[in-house]
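Have a look at query-v8.txt; it's compact mmCIF, C-alpha atoms:
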# COMPACT_ATOMS: atom_id res chain seq x y z
CA MET A 1 19.49 -22.42 -28.36
CA MET A 2 18.40 -24.46 -25.31
CA GLY A 3 18.60 -21.32 -23.16
CA LYS A 4 16.22 -19.45 -25.48
CA VAL A 5 13.74 -22.34 -25.48
CA CYS A 6 13.81 -22.47 -21.66
CA ALA A 7 13.30 -18.71 -21.44
CA ILE A 8 10.32 -18.86 -23.82
CA LEU A 9 8.78 -21.77 -21.91
CA LEU A 10 9.26 -19.95 -18.62
CA LEU A 11 7.63 -16.80 -20.03
CA CYS A 12 4.66 -18.83 -21.32
CA LEU A 13 4.28 -20.52 -17.94
CA VAL A 14 4.26 -17.15 -16.16
CA VAL A 15 1.63 -15.73 -18.56
CA ILE A 16 -0.57 -18.82 -18.15
CA ALA A 17 -0.16 -18.91 -14.36
CA MET A 18 -0.78 -15.19 -13.72
CA PRO A 19 -4.61 -15.39 -13.73
CA MET A 20 -4.45 -18.34 -11.31
CA VAL A 21 -2.32 -16.38 -8.81
CA GLN A 22 -4.83 -13.53 -8.62
CA GLY A 23 -7.75 -14.07 -6.27
CA ILE A 24 -10.31 -12.26 -8.46
CA ASP A 25 -10.85 -12.49 -12.23
CA GLU A 26 -10.08 -9.01 -13.59
CA SER A 27 -10.71 -9.68 -17.29
CA PRO A 28 -12.67 -6.92 -19.10
CA GLN A 29 -15.65 -9.23 -19.67
CA THR A 30 -15.83 -10.25 -16.00
CA VAL A 31 -15.53 -6.63 -14.83
CA ALA A 32 -18.30 -5.56 -17.25
CA GLU A 33 -20.55 -8.35 -15.93
CA TRP A 34 -19.71 -7.29 -12.37
CA PHE A 35 -20.84 -3.70 -13.14
CA GLU A 36 -24.10 -4.99 -14.67
CA ASP A 37 -24.83 -6.81 -11.38
CA LEU A 38 -23.82 -3.80 -9.25
CA PRO A 39 -27.40 -2.50 -8.66
CA LYS A 40 -28.29 -5.88 -7.06
CA MET A 41 -25.26 -5.96 -4.78
CA GLU A 42 -25.11 -4.93 -1.16
CA GLU A 43 -22.27 -2.81 0.12
CA LYS A 44 -19.85 -4.59 2.48
CA VAL A 45 -17.59 -3.31 5.24
CA THR A 46 -14.14 -4.86 5.65
CA LYS A 47 -11.74 -4.09 8.49
CA LEU A 48 -8.02 -4.67 8.01
CA HIS A 49 -5.08 -4.47 10.40
CA PHE A 50 -1.43 -4.63 9.33
CA TYR A 51 2.01 -3.10 9.87
CA PHE A 52 3.84 -1.02 7.24
CA TYR A 53 7.64 -1.50 7.25
CA ASP A 54 9.37 1.66 5.96
CA GLN A 55 13.10 0.94 5.61
CA LEU A 56 15.28 3.85 4.49
CA SER A 57 18.60 2.33 5.58
CA GLY A 58 20.75 -0.62 4.60
CA LYS A 59 21.35 -2.51 1.39
CA ASN A 60 17.70 -3.66 1.24
CA ALA A 61 16.08 -0.23 1.62
CA THR A 62 12.40 -0.20 0.62
CA ALA A 63 12.09 3.60 0.52
CA VAL A 64 14.50 5.61 -1.63
CA THR A 65 14.91 9.33 -2.25
CA VAL A 66 14.13 10.25 -5.86
CA ALA A 67 14.00 14.07 -5.63
CA GLN A 68 14.74 16.97 -3.35
CA ALA A 69 14.71 20.75 -3.52
CA ASN A 70 17.90 22.80 -3.28
CA THR A 71 16.64 24.01 0.11
CA THR A 72 15.38 20.65 1.48
CA PHE A 73 18.13 20.22 4.07
CA GLN A 74 17.84 23.83 5.30
CA SER A 75 14.15 23.24 6.06
CA PRO A 76 13.08 22.10 9.57
CA SER A 77 10.62 19.69 7.90
CA LEU A 78 12.80 18.50 4.96
CA PHE A 79 10.32 20.23 2.65
CA GLY A 80 10.55 18.95 -0.92
CA LEU A 81 12.02 15.51 -0.18
CA VAL A 82 10.35 12.80 -2.31
CA PHE A 83 10.53 9.03 -1.74
CA VAL A 84 9.38 6.07 -3.81
CA ILE A 85 8.49 3.02 -1.75
CA ASP A 86 7.92 -0.71 -1.99
CA ASN A 87 7.32 -1.51 1.68
CA ALA A 88 6.26 -4.82 3.21
CA LEU A 89 2.86 -5.09 4.88
CA LYS A 90 2.98 -7.63 7.71
CA ILE A 91 0.49 -9.03 10.20
CA GLY A 92 2.61 -8.00 13.18
CA PRO A 93 5.38 -5.60 14.21
CA GLU A 94 7.97 -8.38 14.54
CA PRO A 95 10.45 -8.61 11.62
CA ASP A 96 9.62 -12.30 11.08
CA SER A 97 5.86 -11.67 10.87
CA THR A 98 4.04 -13.00 7.82
CA THR A 99 4.02 -10.63 4.84
CA VAL A 100 0.49 -10.08 3.50
CA GLY A 101 1.27 -7.48 0.84
CA ARG A 102 3.27 -4.48 -0.31
CA ALA A 103 2.70 -0.72 -0.06
CA GLN A 104 3.90 0.76 -3.34
CA GLY A 105 3.88 4.41 -4.31
CA MET A 106 5.44 7.60 -3.11
CA TYR A 107 5.40 10.19 -0.40
CA ALA A 108 6.72 13.72 -0.30
CA SER A 109 7.56 16.07 2.53
CA GLY A 110 4.88 18.69 1.97
CA GLY A 111 4.98 20.84 5.11
CA LEU A 112 7.08 24.01 5.22
CA LYS A 113 7.27 24.24 9.00
CA GLU A 114 6.12 20.84 10.29
CA PRO A 115 6.86 17.29 9.13
CA VAL A 116 3.93 16.34 6.92
CA GLU A 117 4.04 13.64 4.29
CA VAL A 118 1.67 13.71 1.34
CA MET A 119 1.18 10.04 0.51
CA THR A 120 -0.09 8.37 -2.63
CA LEU A 121 0.21 4.63 -2.55
CA ASP A 122 -1.43 1.30 -3.16
CA PHE A 123 -1.73 -1.44 -0.60
CA GLY A 124 -1.35 -4.53 -2.79
CA PHE A 125 -2.31 -7.77 -1.06
CA THR A 126 -0.33 -10.89 -1.97
CA SER A 127 -1.85 -13.63 0.19
CA GLY A 128 -5.08 -14.84 1.75
CA GLU A 129 -8.58 -13.97 0.62
CA TYR A 130 -7.49 -10.52 -0.62
CA ASN A 131 -4.66 -11.88 -2.81
CA GLY A 132 -4.39 -9.79 -5.99
CA SER A 133 -6.59 -6.98 -4.64
CA THR A 134 -5.50 -3.42 -3.93
CA LEU A 135 -6.55 -0.35 -1.96
CA SER A 136 -5.45 3.13 -3.01
CA MET A 137 -4.68 5.71 -0.34
CA LEU A 138 -4.09 9.41 -0.93
CA GLY A 139 -3.72 11.87 1.88
CA ARG A 140 -1.89 14.08 4.33
CA ASN A 141 0.09 12.28 7.02
CA SER A 142 1.11 14.51 9.95
CA ILE A 143 3.74 12.06 11.14
CA LEU A 144 4.16 13.56 14.63
CA ASP A 145 0.47 13.15 15.51
CA PRO A 146 -0.33 10.01 17.52
CA TYR A 147 -3.05 8.97 15.03
CA ARG A 148 -3.33 10.05 11.40
CA GLU A 149 -6.44 9.54 9.29
CA MET A 150 -6.07 9.24 5.51
CA PRO A 151 -8.70 8.48 2.89
CA ILE A 152 -8.96 5.26 0.93
CA VAL A 153 -9.98 6.54 -2.51
CA GLY A 154 -10.32 3.33 -4.50
CA GLY A 155 -9.66 -0.34 -4.80
CA SER A 156 -9.51 -3.29 -7.15
CA GLY A 157 -10.35 -6.99 -7.07
CA PHE A 158 -12.11 -7.81 -3.79
CA PHE A 159 -12.19 -4.06 -3.01
CA ARG A 160 -13.75 -2.79 -6.28
CA LEU A 161 -15.17 0.72 -5.82
CA GLY A 162 -13.60 0.77 -2.37
CA ARG A 163 -13.65 3.86 -0.20
CA GLY A 164 -12.88 4.34 3.43
CA ILE A 165 -10.40 5.44 6.04
CA ALA A 166 -6.89 4.32 6.97
CA THR A 167 -5.72 5.22 10.47
CA ALA A 168 -1.97 5.16 11.01
CA LYS A 169 -0.05 5.07 14.28
CA THR A 170 3.74 4.95 14.49
CA TYR A 171 4.74 1.77 16.28
CA LEU A 172 8.51 2.27 16.03
CA PHE A 173 10.72 5.03 14.64
CA ASN A 174 14.52 4.88 14.54
CA THR A 175 15.79 8.48 14.74
CA THR A 176 19.24 7.48 13.44
CA SER A 177 18.24 5.50 10.33
CA GLY A 178 14.78 6.93 9.64
CA ASP A 179 13.37 3.38 9.53
CA ALA A 180 9.82 3.05 10.84
CA ILE A 181 7.10 0.52 11.52
CA VAL A 182 3.61 1.99 11.26
CA GLU A 183 0.43 0.27 12.43
CA TYR A 184 -2.55 0.63 10.09
CA ASN A 185 -6.23 0.06 10.80
CA VAL A 186 -8.29 0.31 7.62
CA ILE A 187 -12.07 0.32 7.22
CA VAL A 188 -13.33 -0.04 3.65
CA LEU A 189 -16.78 0.11 2.11
CA HIS A 190 -16.95 -1.90 -1.12
CA TYR A 191 -19.20 -4.15 -3.16
File written out as C-alpha cells:
Amino acid sequence: MMGKVCAILLLCLVVIAMPMVQGIDESPQTVAEWFEDLPKMEEKVTKLHFYFYDQLSGKNATAVTVAQANTTFQSPSLFGLVFVIDNALKIGPEPDSTTVGRAQGMYASGGLKEPVEVMTLDFGFTSGEYNGSTLSMLGRNSILDPYREMPIVGGSGFFRLGRGIATAKTYLFNTTSGDAIVEYNVIVLHY
C-alpha cells in the first residue's frame, strides 16, 4: 500500500514539475497568444555551436540498428541500413564536456554507391536559455565531405517557426567501432 502511495505522489510531483523544467510555456493558450502577437515581432538570428556524440559501440550505445536490407552488407555504402539515435549534444569534443541536449531521431544509409545518410532528427536542448526548446533537421549528409549543410526545417519553444542551416564537420571517426563526434554550427532564424 505504501509503495502505491509513494508512486502516485511521485507521479503527481513529476506532472506538477514538468512545466517548471521547460524554459518556455507551451500551453495551447500561450501558443495562441504568441501567434496573435506574431505580426508585431521581429525575426531573430541565433547561432549555436555543439558536438554530436554518435556512439554505435559498447553497452551504452546511443545509435542502434533497427532495419537493414537483405543486400545492405554487399553494398559499398551499406545502402538500406537504418539507425535510431539518442545522442548527446555537448559544448566540446571532450567526453567530459557539459551536455546541453540530445539529438533524437533516425538516419538511414541512402546512397547506392557513396556513403550518404538521410537524417531526420530533433536537437532537444536540456539546459541553459534554450532548455525545453527543439530544432528539427531533415537532410542529406554526405559523410565523407569535409562540411555538410543540412536544413533546419522547424523548431519549438525559443525556436518557434525556426528555419536555418546546420553545418556538420566530422571531428573524430573511429573506423573500428563506427563511433563519431561531429561538430555542428547552426544558424537559425526564428521569432
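The shortest atom-to-atom distance to Gly154 in chain A, with all atoms listed in the file taken into account, belongs to A:Thr120 out of A:Thr120, A:Thr126, A:Thr175, A:Gln55.
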Residue with the minimum atom-to-atom distance to Asn141 in chain A, picked from A:Tyr191, A:Tyr51, A:Phe83, A:Tyr107 with all atoms listed in the file counted, is A:Tyr107
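Every protein or nucleic acid residue with an atom no more than 9 Å from range 72-81 of chain A, counting only C-alpha atoms and leaving out same-chain residues fewer than 3 positions away, appears here: Thr65, Val66, Ala67, Gln68, Ala69, Tyr107, Ala108, Ser109, Gly110, Gly111, Leu112, Lys113, Glu114, Pro115 and Val116 of chain A.
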Give me the residues near Ala88 in chain A as a ChimeraX atom specification, where near means some atom within 8 Å (using only C-alpha atoms) and where sequence neighbours in that chain fewer than 6 positions away do not count.
/A:52-54,99-103
Distance CA of Gln104 in chain A-CA of Asn87 in chain A, one decimal place?
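Interatomic distance here is 6.5 Å.
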What separates CA of Leu189 in chain A and CA of Met106 in chain A is a distance of 24.0 Å
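Distance check against Arg148 in chain A using only C-alpha atoms: of A:Thr170, A:Asn131, A:Thr46, A:Ser136, the minimum falls on A:Thr170.
Proximity to Asn60 in chain A was assessed for A:Asp86, A:Glu129, A:Asp25, A:Asp145 counting only C-alpha atoms; the smallest distance is recorded for A:Asp86.
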How many Å separate CA of Phe35 in chain A from CA of Gly157 in chain A?
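Separation of CA of Phe35 in chain A and CA of Gly157 in chain A: 12.6 Å.
The closest residue to Gly178 in chain A, picked from A:Tyr147, A:Thr62, A:Phe159, A:Ser142 and counting only C-alpha atoms, is A:Thr62.
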Which residue of A:Val84, A:Ile91, A:Val45, A:Ile187 approaches Val64 in chain A most closely, using all atoms listed in the file:
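Ranking A:Val84, A:Ile91, A:Val45, A:Ile187 by distance to Val64 in chain A, first place goes to A:Val84.
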Using only C-alpha atoms, list the residues that have an atom at most 12 Å from (-9.2, 9.8, -0.5), coordinates as in the file, as number ranges by chain.
A: 118-122, 135-140, 149-155, 162-166, 188
Near range 36-38 of chain A, within 12 Å and counting all atoms listed in the file, which residues show up once chain neighbours fewer than 6 positions away are dropped, as a tab-separated table (two decimals) with C-alpha atoms, keeping the file's coordinate frame?
chain	number	residue	atom	x	y	z
A	29	GLN	CA	-15.65	-9.23	-19.67
A	30	THR	CA	-15.83	-10.25	-16.00
A	160	ARG	CA	-13.75	-2.79	-6.28
A	161	LEU	CA	-15.17	0.72	-5.82
A	190	HIS	CA	-16.95	-1.90	-1.12
A	191	TYR	CA	-19.20	-4.15	-3.16
